[in-house]
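Okay, structure18.txt is below, compact mmCIF, C-alpha atoms:
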# COMPACT_ATOMS: atom_id res chain seq x y z
CA MET A 26 -115.73 49.98 -48.28
CA THR A 27 -113.19 50.90 -45.68
CA ALA A 28 -109.91 51.61 -47.43
CA ARG A 29 -106.80 50.35 -45.73
CA ILE A 30 -104.77 53.26 -44.46
CA ARG A 31 -101.03 52.75 -44.75
CA PRO A 32 -99.48 52.34 -41.28
CA HIS A 33 -96.75 54.67 -40.23
CA SER A 34 -94.40 54.86 -37.30
CA GLY A 35 -91.62 57.06 -36.08
CA ALA A 36 -88.32 56.72 -34.28
CA PRO A 37 -87.90 53.93 -31.71
CA TYR A 38 -87.21 56.50 -29.00
CA ALA A 39 -86.76 60.25 -28.57
CA ARG A 40 -84.17 62.38 -26.81
CA ILE A 41 -83.47 65.97 -25.89
CA MET A 42 -80.76 66.97 -28.38
CA SER A 43 -80.00 70.44 -27.05
CA VAL A 44 -81.18 73.19 -24.74
CA GLY A 45 -81.03 76.97 -25.03
CA SER A 46 -82.28 79.76 -22.84
CA TYR A 47 -82.80 83.48 -22.82
CA ARG A 48 -82.77 85.54 -19.65
CA PRO A 49 -83.77 89.15 -20.26
CA GLU A 50 -81.11 91.73 -19.62
CA ARG A 51 -82.66 93.80 -16.87
CA VAL A 52 -81.87 92.58 -13.35
CA VAL A 53 -84.48 93.52 -10.76
CA THR A 54 -83.38 93.35 -7.14
CA ASN A 55 -85.58 92.71 -4.11
CA ALA A 56 -84.96 96.33 -3.12
CA GLU A 57 -86.53 97.51 -6.39
CA VAL A 58 -89.55 95.20 -5.93
CA CYS A 59 -89.97 96.58 -2.40
CA GLU A 60 -90.38 100.10 -3.77
CA ARG A 61 -93.94 99.02 -4.62
CA ILE A 62 -94.80 96.46 -1.95
CA ASP A 63 -94.57 96.53 1.82
CA SER A 64 -91.81 93.94 2.21
CA THR A 65 -88.07 93.57 2.73
CA ASP A 66 -85.14 91.91 1.00
CA GLU A 67 -84.74 89.61 4.00
CA TRP A 68 -88.42 88.55 4.03
CA ILE A 69 -88.40 87.78 0.29
CA ARG A 70 -85.19 85.73 0.54
CA GLU A 71 -86.54 83.81 3.52
CA ARG A 72 -89.94 83.05 1.96
CA SER A 73 -88.85 82.32 -1.59
CA GLY A 74 -85.06 82.12 -1.90
CA ILE A 75 -85.22 84.83 -4.56
CA VAL A 76 -82.42 87.39 -4.53
CA GLU A 77 -83.05 88.94 -7.93
CA ARG A 78 -85.01 88.25 -11.11
CA ARG A 79 -85.07 89.36 -14.74
CA TYR A 80 -87.70 91.54 -16.39
CA ALA A 81 -88.11 91.75 -20.16
CA ALA A 82 -88.04 95.18 -21.79
CA PRO A 83 -91.48 96.72 -22.42
CA ASP A 84 -91.13 96.15 -26.17
CA GLU A 85 -89.83 92.58 -25.83
CA THR A 86 -92.62 90.09 -26.56
CA VAL A 87 -93.25 86.45 -25.65
CA VAL A 88 -92.38 85.65 -29.27
CA ASP A 89 -89.10 87.59 -29.06
CA LEU A 90 -88.10 85.71 -25.91
CA SER A 91 -89.07 82.38 -27.50
CA VAL A 92 -87.08 82.98 -30.67
CA ALA A 93 -83.98 84.01 -28.71
CA ALA A 94 -84.03 80.74 -26.72
CA ALA A 95 -85.06 78.49 -29.62
CA GLU A 96 -82.31 79.82 -31.92
CA LYS A 97 -79.73 78.70 -29.36
CA ALA A 98 -81.37 75.28 -29.01
CA LEU A 99 -81.47 74.84 -32.80
CA ALA A 100 -77.79 75.74 -33.13
CA GLY A 101 -76.97 73.25 -30.37
CA ALA A 102 -78.89 70.44 -32.04
CA GLY A 103 -76.98 70.87 -35.30
CA ILE A 104 -80.12 70.74 -37.44
CA THR A 105 -81.58 73.36 -39.74
CA ALA A 106 -84.88 75.09 -39.07
CA ASP A 107 -86.54 73.49 -42.11
CA GLN A 108 -86.06 70.03 -40.56
CA VAL A 109 -88.31 70.93 -37.64
CA GLY A 110 -91.72 69.25 -37.88
CA PHE A 111 -93.44 70.84 -34.90
CA VAL A 112 -93.05 73.89 -32.69
CA LEU A 113 -94.73 73.68 -29.28
CA VAL A 114 -94.78 76.82 -27.16
CA ALA A 115 -95.79 76.43 -23.52
CA THR A 116 -96.94 79.78 -22.19
CA VAL A 117 -99.78 81.54 -20.39
CA THR A 118 -98.65 85.08 -21.11
CA HIS A 119 -98.92 85.47 -24.88
CA PRO A 120 -101.31 88.44 -25.01
CA TYR A 121 -103.42 87.36 -28.00
CA GLN A 122 -106.30 84.89 -28.14
CA THR A 123 -105.20 84.02 -31.68
CA PRO A 124 -103.04 83.24 -33.56
CA SER A 125 -100.76 81.15 -31.39
CA ALA A 126 -97.33 82.38 -30.34
CA ALA A 127 -95.95 79.16 -31.81
CA SER A 128 -96.97 80.02 -35.38
CA GLU A 129 -95.01 83.25 -35.27
CA VAL A 130 -92.09 81.62 -33.49
CA ALA A 131 -91.90 78.94 -36.20
CA TYR A 132 -92.06 81.59 -38.92
CA ARG A 133 -89.33 83.71 -37.37
CA LEU A 134 -87.09 80.68 -36.89
CA GLY A 135 -87.52 79.71 -40.53
CA ALA A 136 -89.24 76.47 -39.53
CA VAL A 137 -91.26 76.54 -42.72
CA ASN A 138 -92.25 72.88 -42.56
CA ALA A 139 -93.41 72.91 -38.96
CA ALA A 140 -96.88 72.63 -37.50
CA ALA A 141 -97.21 74.86 -34.48
CA THR A 142 -99.38 75.34 -31.42
CA ASP A 143 -99.35 76.68 -27.88
CA ILE A 144 -99.78 74.73 -24.65
CA SER A 145 -101.62 76.34 -21.75
CA SER A 146 -100.50 74.37 -18.72
CA ALA A 147 -98.77 77.16 -16.82
CA CYS A 148 -95.81 75.97 -14.77
CA ALA A 149 -96.32 72.36 -15.90
CA GLY A 150 -96.25 73.46 -19.55
CA PHE A 151 -92.66 72.57 -20.39
CA CYS A 152 -92.98 69.00 -19.07
CA TYR A 153 -96.31 68.65 -20.88
CA GLY A 154 -94.62 69.82 -24.08
CA LEU A 155 -91.68 67.47 -23.65
CA ALA A 156 -94.03 64.49 -23.27
CA MET A 157 -95.99 65.52 -26.36
CA ALA A 158 -92.78 66.08 -28.35
CA GLN A 159 -91.59 62.60 -27.46
CA ASP A 160 -94.88 61.13 -28.68
CA LEU A 161 -94.76 63.17 -31.91
CA VAL A 162 -91.27 61.85 -32.70
CA ARG A 163 -92.03 58.26 -31.73
CA GLY A 164 -95.40 58.34 -33.44
CA GLY A 165 -93.86 59.55 -36.67
CA SER A 166 -95.70 62.87 -36.86
CA ALA A 167 -92.49 64.91 -36.71
CA ASP A 168 -88.77 64.17 -36.99
CA TYR A 169 -87.72 67.06 -34.82
CA VAL A 170 -89.75 69.12 -32.36
CA ILE A 171 -88.88 72.41 -30.72
CA VAL A 172 -90.39 72.79 -27.25
CA VAL A 173 -90.30 76.30 -25.84
CA GLY A 174 -91.24 77.31 -22.30
CA VAL A 175 -91.70 81.06 -22.16
CA GLU A 176 -93.35 83.69 -19.99
CA LYS A 177 -93.54 87.42 -19.73
CA LEU A 178 -95.31 87.33 -16.39
CA THR A 179 -94.61 90.96 -15.61
CA ASP A 180 -97.45 91.86 -18.00
CA TRP A 181 -99.92 89.77 -15.98
CA ILE A 182 -99.00 90.28 -12.34
CA ASP A 183 -99.94 93.07 -9.97
CA LEU A 184 -96.63 94.71 -9.09
CA ASP A 185 -98.34 96.22 -6.02
CA ASP A 186 -99.49 92.84 -4.65
CA ARG A 187 -97.15 91.79 -1.86
CA ALA A 188 -98.22 88.12 -2.16
CA THR A 189 -97.09 87.65 -5.78
CA ALA A 190 -95.07 90.62 -7.06
CA PHE A 191 -91.72 89.36 -5.75
CA ILE A 192 -92.11 85.82 -7.12
CA PHE A 193 -92.75 86.08 -10.85
CA ALA A 194 -90.47 87.13 -13.68
CA ASP A 195 -89.73 86.80 -17.40
CA GLY A 196 -87.65 84.39 -19.48
CA ALA A 197 -87.56 81.60 -22.04
CA GLY A 198 -85.98 78.18 -22.45
CA ALA A 199 -86.15 75.75 -25.35
CA VAL A 200 -85.12 72.25 -26.30
CA VAL A 201 -84.95 70.33 -29.55
CA VAL A 202 -86.38 66.81 -29.29
CA GLY A 203 -85.34 64.32 -31.96
CA PRO A 204 -84.99 60.60 -32.71
CA SER A 205 -82.90 58.28 -30.58
CA ASP A 206 -81.84 54.62 -30.65
CA GLU A 207 -81.94 54.46 -26.85
CA PRO A 208 -84.71 55.53 -24.44
CA ALA A 209 -83.76 59.04 -23.27
CA ILE A 210 -87.09 60.50 -22.15
CA GLY A 211 -88.87 58.42 -19.56
CA PRO A 212 -92.62 57.82 -19.29
CA VAL A 213 -94.45 60.97 -18.23
CA VAL A 214 -96.56 60.98 -15.06
CA TRP A 215 -99.06 63.78 -15.41
CA GLY A 216 -102.51 65.04 -14.69
CA SER A 217 -104.62 67.99 -13.68
CA ASP A 218 -106.95 68.71 -10.79
CA GLY A 219 -109.60 71.18 -11.92
CA SER A 220 -111.28 71.11 -8.52
CA GLN A 221 -108.46 73.44 -7.44
CA HIS A 222 -108.70 75.69 -10.50
CA ASP A 223 -108.97 78.77 -8.31
CA ALA A 224 -105.76 78.08 -6.36
CA ILE A 225 -103.80 79.93 -9.07
CA CYS A 226 -105.96 81.96 -11.42
CA MET A 227 -106.71 85.36 -12.92
CA THR A 228 -108.53 87.95 -10.79
CA GLN A 229 -111.20 88.27 -13.52
CA SER A 230 -111.71 87.45 -17.19
CA LEU A 231 -110.93 89.94 -19.93
CA ILE A 232 -114.64 89.93 -20.83
CA ASP A 233 -115.60 90.88 -17.28
CA TYR A 234 -113.00 93.61 -17.38
CA ARG A 235 -114.34 94.91 -20.70
CA ASP A 236 -117.99 94.83 -19.58
CA ASN A 237 -117.71 95.84 -15.95
CA GLY A 238 -114.46 97.76 -15.93
CA GLY A 239 -113.31 98.29 -12.43
CA PRO A 240 -109.95 99.62 -11.41
CA ARG A 241 -107.95 96.50 -12.04
CA PHE A 242 -106.90 94.80 -15.21
CA PRO A 243 -106.89 90.98 -14.68
CA THR A 244 -103.76 89.74 -12.94
CA LEU A 245 -102.49 86.49 -11.51
CA SER A 246 -103.58 85.57 -7.99
CA MET A 247 -102.45 82.65 -5.90
CA GLN A 248 -103.47 80.90 -2.67
CA GLY A 249 -99.93 80.46 -1.39
CA GLN A 250 -100.50 77.96 1.44
CA GLN A 251 -102.88 75.81 -0.60
CA VAL A 252 -100.45 75.67 -3.52
CA PHE A 253 -97.51 74.97 -1.22
CA ARG A 254 -99.29 72.04 0.39
CA TRP A 255 -100.41 70.60 -2.94
CA ALA A 256 -97.02 71.10 -4.60
CA VAL A 257 -95.14 69.32 -1.85
CA SER A 258 -97.51 66.39 -1.31
CA ASN A 259 -98.60 65.81 -4.92
CA GLY A 260 -95.21 66.83 -6.30
CA SER A 261 -93.14 64.39 -4.29
CA LEU A 262 -95.58 61.59 -5.11
CA THR A 263 -95.56 62.41 -8.83
CA ALA A 264 -91.77 62.69 -8.89
CA GLN A 265 -91.42 59.29 -7.20
CA GLN A 266 -93.83 57.73 -9.72
CA ALA A 267 -91.80 59.20 -12.59
CA LEU A 268 -88.67 57.59 -11.15
CA ASP A 269 -90.45 54.25 -10.67
CA ARG A 270 -91.92 54.25 -14.18
CA ALA A 271 -88.49 55.01 -15.67
CA GLY A 272 -86.92 52.22 -13.61
CA VAL A 273 -84.50 54.68 -12.04
CA THR A 274 -83.82 55.36 -8.36
CA ALA A 275 -83.14 58.75 -6.80
CA ASP A 276 -79.61 57.52 -6.19
CA ASP A 277 -79.04 57.21 -9.96
CA LEU A 278 -79.81 60.89 -10.61
CA ASP A 279 -77.25 63.46 -11.75
CA ALA A 280 -79.73 66.30 -11.31
CA PHE A 281 -83.13 67.17 -9.87
CA ILE A 282 -84.69 70.01 -11.87
CA PRO A 283 -88.08 70.94 -10.41
CA HIS A 284 -90.08 73.92 -11.65
CA GLN A 285 -88.56 76.92 -9.93
CA ALA A 286 -91.68 77.90 -8.00
CA ASN A 287 -90.20 78.76 -4.66
CA MET A 288 -87.00 77.59 -2.95
CA ARG A 289 -89.09 76.50 0.03
CA ILE A 290 -91.18 74.19 -2.15
CA THR A 291 -87.99 72.74 -3.65
CA ASP A 292 -86.53 72.14 -0.18
CA ALA A 293 -89.74 70.55 1.12
CA MET A 294 -89.92 68.35 -1.97
CA ILE A 295 -86.33 67.18 -1.47
CA ARG A 296 -87.19 66.20 2.10
CA ALA A 297 -90.38 64.42 1.07
CA LEU A 298 -88.57 62.58 -1.74
CA LYS A 299 -85.62 61.75 0.53
CA LEU A 300 -83.36 62.84 -2.31
CA PRO A 301 -79.75 61.76 -1.65
CA GLU A 302 -77.44 64.65 -0.80
CA HIS A 303 -75.11 63.98 -3.72
CA VAL A 304 -77.79 64.87 -6.29
CA PRO A 305 -77.40 68.49 -7.51
CA VAL A 306 -80.66 70.43 -7.30
CA ALA A 307 -81.64 73.33 -9.59
CA ARG A 308 -81.77 76.54 -7.57
CA ASP A 309 -81.95 78.95 -10.48
CA ILE A 310 -84.88 80.76 -8.87
CA GLU A 311 -82.34 82.63 -6.74
CA THR A 312 -81.35 84.85 -9.66
CA THR A 313 -84.12 84.24 -12.20
CA GLY A 314 -87.32 84.27 -10.12
CA ASN A 315 -90.29 82.08 -10.99
CA THR A 316 -90.65 82.07 -14.77
CA SER A 317 -93.45 79.47 -14.87
CA ALA A 318 -93.22 77.36 -18.07
CA ALA A 319 -89.70 78.66 -18.76
CA SER A 320 -88.09 77.77 -15.46
CA ILE A 321 -87.10 74.15 -16.10
CA PRO A 322 -85.27 74.61 -19.43
CA ILE A 323 -83.60 77.81 -18.15
CA ALA A 324 -82.39 75.95 -15.05
CA MET A 325 -81.31 72.95 -17.13
CA ASP A 326 -79.27 75.17 -19.45
CA ARG A 327 -77.56 76.84 -16.51
CA MET A 328 -76.68 73.55 -14.76
CA LEU A 329 -75.18 72.19 -17.98
CA SER A 330 -73.30 75.34 -18.98
CA THR A 331 -71.76 75.82 -15.53
CA GLY A 332 -70.67 72.17 -15.50
CA GLU A 333 -72.69 71.47 -12.36
CA VAL A 334 -74.23 68.46 -14.11
CA PRO A 335 -72.73 66.34 -16.91
CA HIS A 336 -73.97 66.17 -20.50
CA GLY A 337 -75.62 62.77 -20.86
CA GLY A 338 -76.46 62.70 -17.17
CA THR A 339 -79.82 61.59 -15.81
CA ALA A 340 -82.24 64.22 -14.56
CA LEU A 341 -85.65 64.19 -12.92
CA LEU A 342 -87.92 67.00 -14.13
CA ILE A 343 -91.20 68.07 -12.56
CA GLY A 344 -93.51 70.93 -13.43
CA PHE A 345 -96.57 71.92 -11.40
CA GLY A 346 -98.86 74.91 -11.33
CA ALA A 347 -102.16 76.48 -12.33
CA GLY A 348 -104.84 73.99 -13.23
CA LEU A 349 -103.74 72.58 -10.99
CA ALA A 350 -101.64 70.74 -13.56
CA TYR A 351 -98.54 68.63 -13.09
CA ALA A 352 -96.12 66.50 -15.11
CA ALA A 353 -92.84 64.73 -14.35
CA GLN A 354 -90.39 62.62 -16.29
CA VAL A 355 -86.83 61.31 -16.12
CA VAL A 356 -84.62 62.41 -19.00
CA THR A 357 -81.11 61.99 -20.31
CA LEU A 358 -79.60 65.47 -20.43
CA PRO A 359 -78.36 66.73 -23.82
CA MET B 9 -103.22 67.13 27.27
CA SER B 10 -101.53 64.21 25.59
CA GLN B 11 -97.81 64.22 26.35
CA GLU B 12 -97.32 61.72 23.57
CA ILE B 13 -98.80 64.06 20.93
CA LEU B 14 -96.86 67.01 22.35
CA ASP B 15 -93.61 65.04 22.13
CA GLY B 16 -94.39 63.90 18.60
CA LEU B 17 -95.26 67.41 17.50
CA ALA B 18 -92.06 68.74 19.04
CA VAL B 19 -90.03 66.30 16.95
CA ILE B 20 -91.87 67.44 13.79
CA VAL B 21 -91.41 71.15 14.50
CA ASN B 22 -87.75 70.52 15.22
CA GLU B 23 -87.28 68.66 11.95
CA VAL B 24 -89.13 71.23 9.84
CA ALA B 25 -87.88 74.45 11.37
CA GLY B 26 -84.88 73.53 13.53
CA VAL B 27 -86.50 74.83 16.74
CA PRO B 28 -84.97 73.11 19.84
CA VAL B 29 -87.35 70.41 21.12
CA ALA B 30 -87.22 71.82 24.66
CA ASP B 31 -88.66 75.16 23.46
CA ILE B 32 -91.77 73.55 22.02
CA GLN B 33 -94.21 73.93 24.91
CA PRO B 34 -98.04 74.11 24.90
CA ASP B 35 -98.20 77.84 25.65
CA LYS B 36 -95.84 78.82 22.83
CA SER B 37 -97.22 80.59 19.76
CA PHE B 38 -95.98 79.11 16.49
CA ILE B 39 -95.54 82.50 14.86
CA ASP B 40 -94.59 84.84 17.70
CA ASP B 41 -92.54 82.54 19.96
CA LEU B 42 -91.18 79.83 17.69
CA ASP B 43 -90.76 81.97 14.54
CA ILE B 44 -92.61 79.41 12.38
CA ASP B 45 -93.78 81.15 9.20
CA SER B 46 -96.88 80.22 7.19
CA LEU B 47 -95.04 77.87 4.83
CA SER B 48 -93.26 76.01 7.63
CA MET B 49 -96.62 75.75 9.38
CA VAL B 50 -98.02 73.98 6.31
CA GLU B 51 -95.12 71.52 6.46
CA VAL B 52 -95.73 70.90 10.17
CA VAL B 53 -99.41 70.29 9.46
CA MET B 54 -98.64 67.87 6.61
CA ALA B 55 -96.22 65.91 8.78
CA ALA B 56 -98.81 65.78 11.60
CA GLU B 57 -101.44 64.53 9.18
CA ASP B 58 -99.11 61.73 8.08
CA LYS B 59 -98.11 60.79 11.62
CA TRP B 60 -101.56 60.68 13.19
CA GLY B 61 -103.72 59.99 10.13
CA VAL B 62 -105.80 63.11 10.69
CA LYS B 63 -107.04 65.84 8.32
CA ILE B 64 -106.21 69.43 9.13
CA PRO B 65 -107.74 71.62 6.39
CA ASP B 66 -106.17 74.96 5.40
CA SER B 67 -109.18 76.74 6.88
CA GLU B 68 -108.36 75.21 10.28
CA VAL B 69 -104.61 75.89 10.22
CA LYS B 70 -105.01 79.60 11.05
CA ASN B 71 -106.87 78.68 14.26
CA LEU B 72 -103.90 76.69 15.53
CA ARG B 73 -102.12 79.61 17.17
CA THR B 74 -100.21 77.79 19.89
CA VAL B 75 -98.59 74.38 20.20
CA GLY B 76 -101.34 73.55 22.71
CA ASP B 77 -104.03 74.39 20.11
CA ALA B 78 -102.44 71.93 17.68
CA VAL B 79 -102.10 69.19 20.30
CA ALA B 80 -105.75 69.63 21.28
CA TYR B 81 -106.89 69.54 17.64
CA ILE B 82 -104.95 66.35 16.92
CA GLU B 83 -106.16 64.80 20.20
CA LYS B 84 -109.77 65.60 19.33
CA SER B 85 -109.36 64.28 15.75
CA THR B 86 -107.82 60.99 16.84
CA ALA B 87 -110.25 60.41 19.72
So, in terms of structure tokens, how does the structure I just supplied come out?
Amino acid sequence: MTARIRPHSGAPYARIMSVGSYRPERVVTNAEVCERIDSTDEWIRERSGIVERRYAAPDETVVDLSVAAAEKALAGAGITADQVGFVLVATVTHPYQTPSAASEVAYRLGAVNAAATDISSACAGFCYGLAMAQDLVRGGSADYVIVVGVEKLTDWIDLDDRATAFIFADGAGAVVVGPSDEPAIGPVVWGSDGSQHDAICMTQSLIDYRDNGGPRFPTLSMQGQQVFRWAVSNGSLTAQQALDRAGVTADDLDAFIPHQANMRITDAMIRALKLPEHVPVARDIETTGNTSAASIPIAMDRMLSTGEVPHGGTALLIGFGAGLAYAAQVVTLP
Amino acid sequence: MSQEILDGLAVIVNEVAGVPVADIQPDKSFIDDLDIDSLSMVEVVMAAEDKWGVKIPDSEVKNLRTVGDAVAYIEKSTA
């Protein structure tokens, strides 16, 4: 016979309780990047809006960066590590096939009761993780979830490639998601378009590198114009759908926090969205570079800590990148 | 050459890149004369696609060297 399984359910809603970030210490200027590529400070600023970025130390790992950001988020949430039921780490730069970065992050945080796994959705990874965290809390599978967005992209880019070297950088951001009596994370609008899987990809697989060698270890490559076009057209559409599904208008927003891909993409997206001028826009890329999965929580932390946006304000988040994968949602800021 | 498409394109280029409308003439090169970089060019193309309901694939964009090239392509696509 089929035994009746006891039903279970979680919190009515979920919210972001806190955010923390870690920007590595070493500042790398455009001038330093241009020591290895044929470019100029002016060209880089014009094409990307990046003035400087942060590089992790050679011995700093993806796990180290994650723990540094997650410890701050945990402290901000006012919960203890053993209350955490799940640790999600969004990253594409953890240099091991297994085990996950998340398992080690959970262990080092003291999250002894947490399940843990990694999310491989590149620059959309944080928004993917946030949507999953909300469902874990509302579904009753975890009381509290830590979502980390982290990258050490400097290990996986070609510092001699003038198309990508100036864009990418290292960093980590984390949030704690927990129960809420009021809706505070809107419905996610997300997807992936595998037909464009080669728009942002690795130059070769590690197996090909092992078997065929060749001069170059696999690194990230990107079709800039193709990605730009997709990000602006798909991104503005997705962002608008996230607003519509949350029942919020652009006029209601206290912040627009898109993935910090390129200042030009952000500007084009603002135009396409017809975002009102009074809405503050994350422009953290200027001093942090593109940190893929980490960029949204790092930018969120900065906007809150500088007072540019209010705690409890309403923000539109959108991540988009390799896959091509994308996800957007409206949230109440911690 | 369609004056109407030229005028429409001039408005788009002006909005995307701030180039004065009067400077946007058929013989002008987007890159060399109007200082439109590759990313702005993508934005111009996207706006043109919306306005005239045409498709301008990435592979075609690099062939549109001058304003006249773009007008001719849009004219041909809408014919």
Distance criterion (only C-alpha atoms): nearest to A:Gly260 out of A:Gln248, A:Ser34, A:Gln354, A:Gln159:
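Distance minimum relative to A:Gly260 lands on A:Gln354.
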Between atom CA of A:Asp185 and atom CA of A:Arg51, what distance in Å does the model show, to one decimal?
19.2 Å
Go through chain B and flag each residue having an atom no more than 12 Å from chain A; for those, report the closest pair of atoms plus their distance in Å to one decimal, using all atoms listed in the file, ordered by chain and rising number, as a tab-separated table.
residue	atom	partner	partner_atom	distance
B:Glu23	CA	A:Arg296	CA	10.2
B:Val24	CA	A:Ala293	CA	8.8
B:Ala25	CA	A:Ala293	CA	11.1
B:Asp43	CA	A:Glu71	CA	11.9
B:Ile44	CA	A:Arg72	CA	11.4
B:Asp45	CA	A:Arg72	CA	8.4
B:Ser46	CA	A:Gln250	CA	7.2
B:Leu47	CA	A:Gln250	CA	6.4
B:Ser48	CA	A:Arg289	CA	8.7
B:Met49	CA	A:Gln250	CA	9.1
B:Val50	CA	A:Arg254	CA	6.4
B:Glu51	CA	A:Arg254	CA	7.4
B:Val52	CA	A:Arg254	CA	10.5
B:Val53	CA	A:Arg254	CA	9.2
B:Met54	CA	A:Arg254	CA	7.5
B:Ala55	CA	A:Ala297	CA	9.8
B:Glu57	CA	A:Ser258	CA	11.4
B:Asp58	CA	A:Ser258	CA	10.6
B:Ile64	CA	A:Arg254	CA	11.4
B:Pro65	CA	A:Gln251	CA	9.5
B:Asp66	CA	A:Gln251	CA	6.9
B:Ser67	CA	A:Gln251	CA	9.8
B:Val69	CA	A:Gln250	CA	9.9
B:Lys70	CA	A:Gln250	CA	10.7
Kindly indicate which residue among B:Gly16, B:Gly26, B:Pro34, B:Gly61 lies nearest to B:Val75, using only C-alpha atoms for the distances.
B:Pro34
For A:Ala82: contacts at 10 Å, all atoms listed in the file, fewer than 4 positions along chain excluded, given as a list in words:
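In the requested form, the answer reads Pro49, Glu50, Arg51, Thr86, Lys177, Thr179 and Asp195 of chain A.
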Nearest-residue call for A:Ala149, choices A:Asp276, A:Val213, A:Ala127, A:Gly337, using all atoms listed in the file:
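Distance minimum relative to A:Ala149 lands on A:Val213.
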Have a look at atom CA of A:Gly272 and atom CA of A:Asp168 and let me know their distance in Å, one decimal.
26.3 Å
Atom CA of A:Ser125 to atom CA of A:Ala141: how many Å, to one decimal?
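These two atoms are separated by 7.9 Å.
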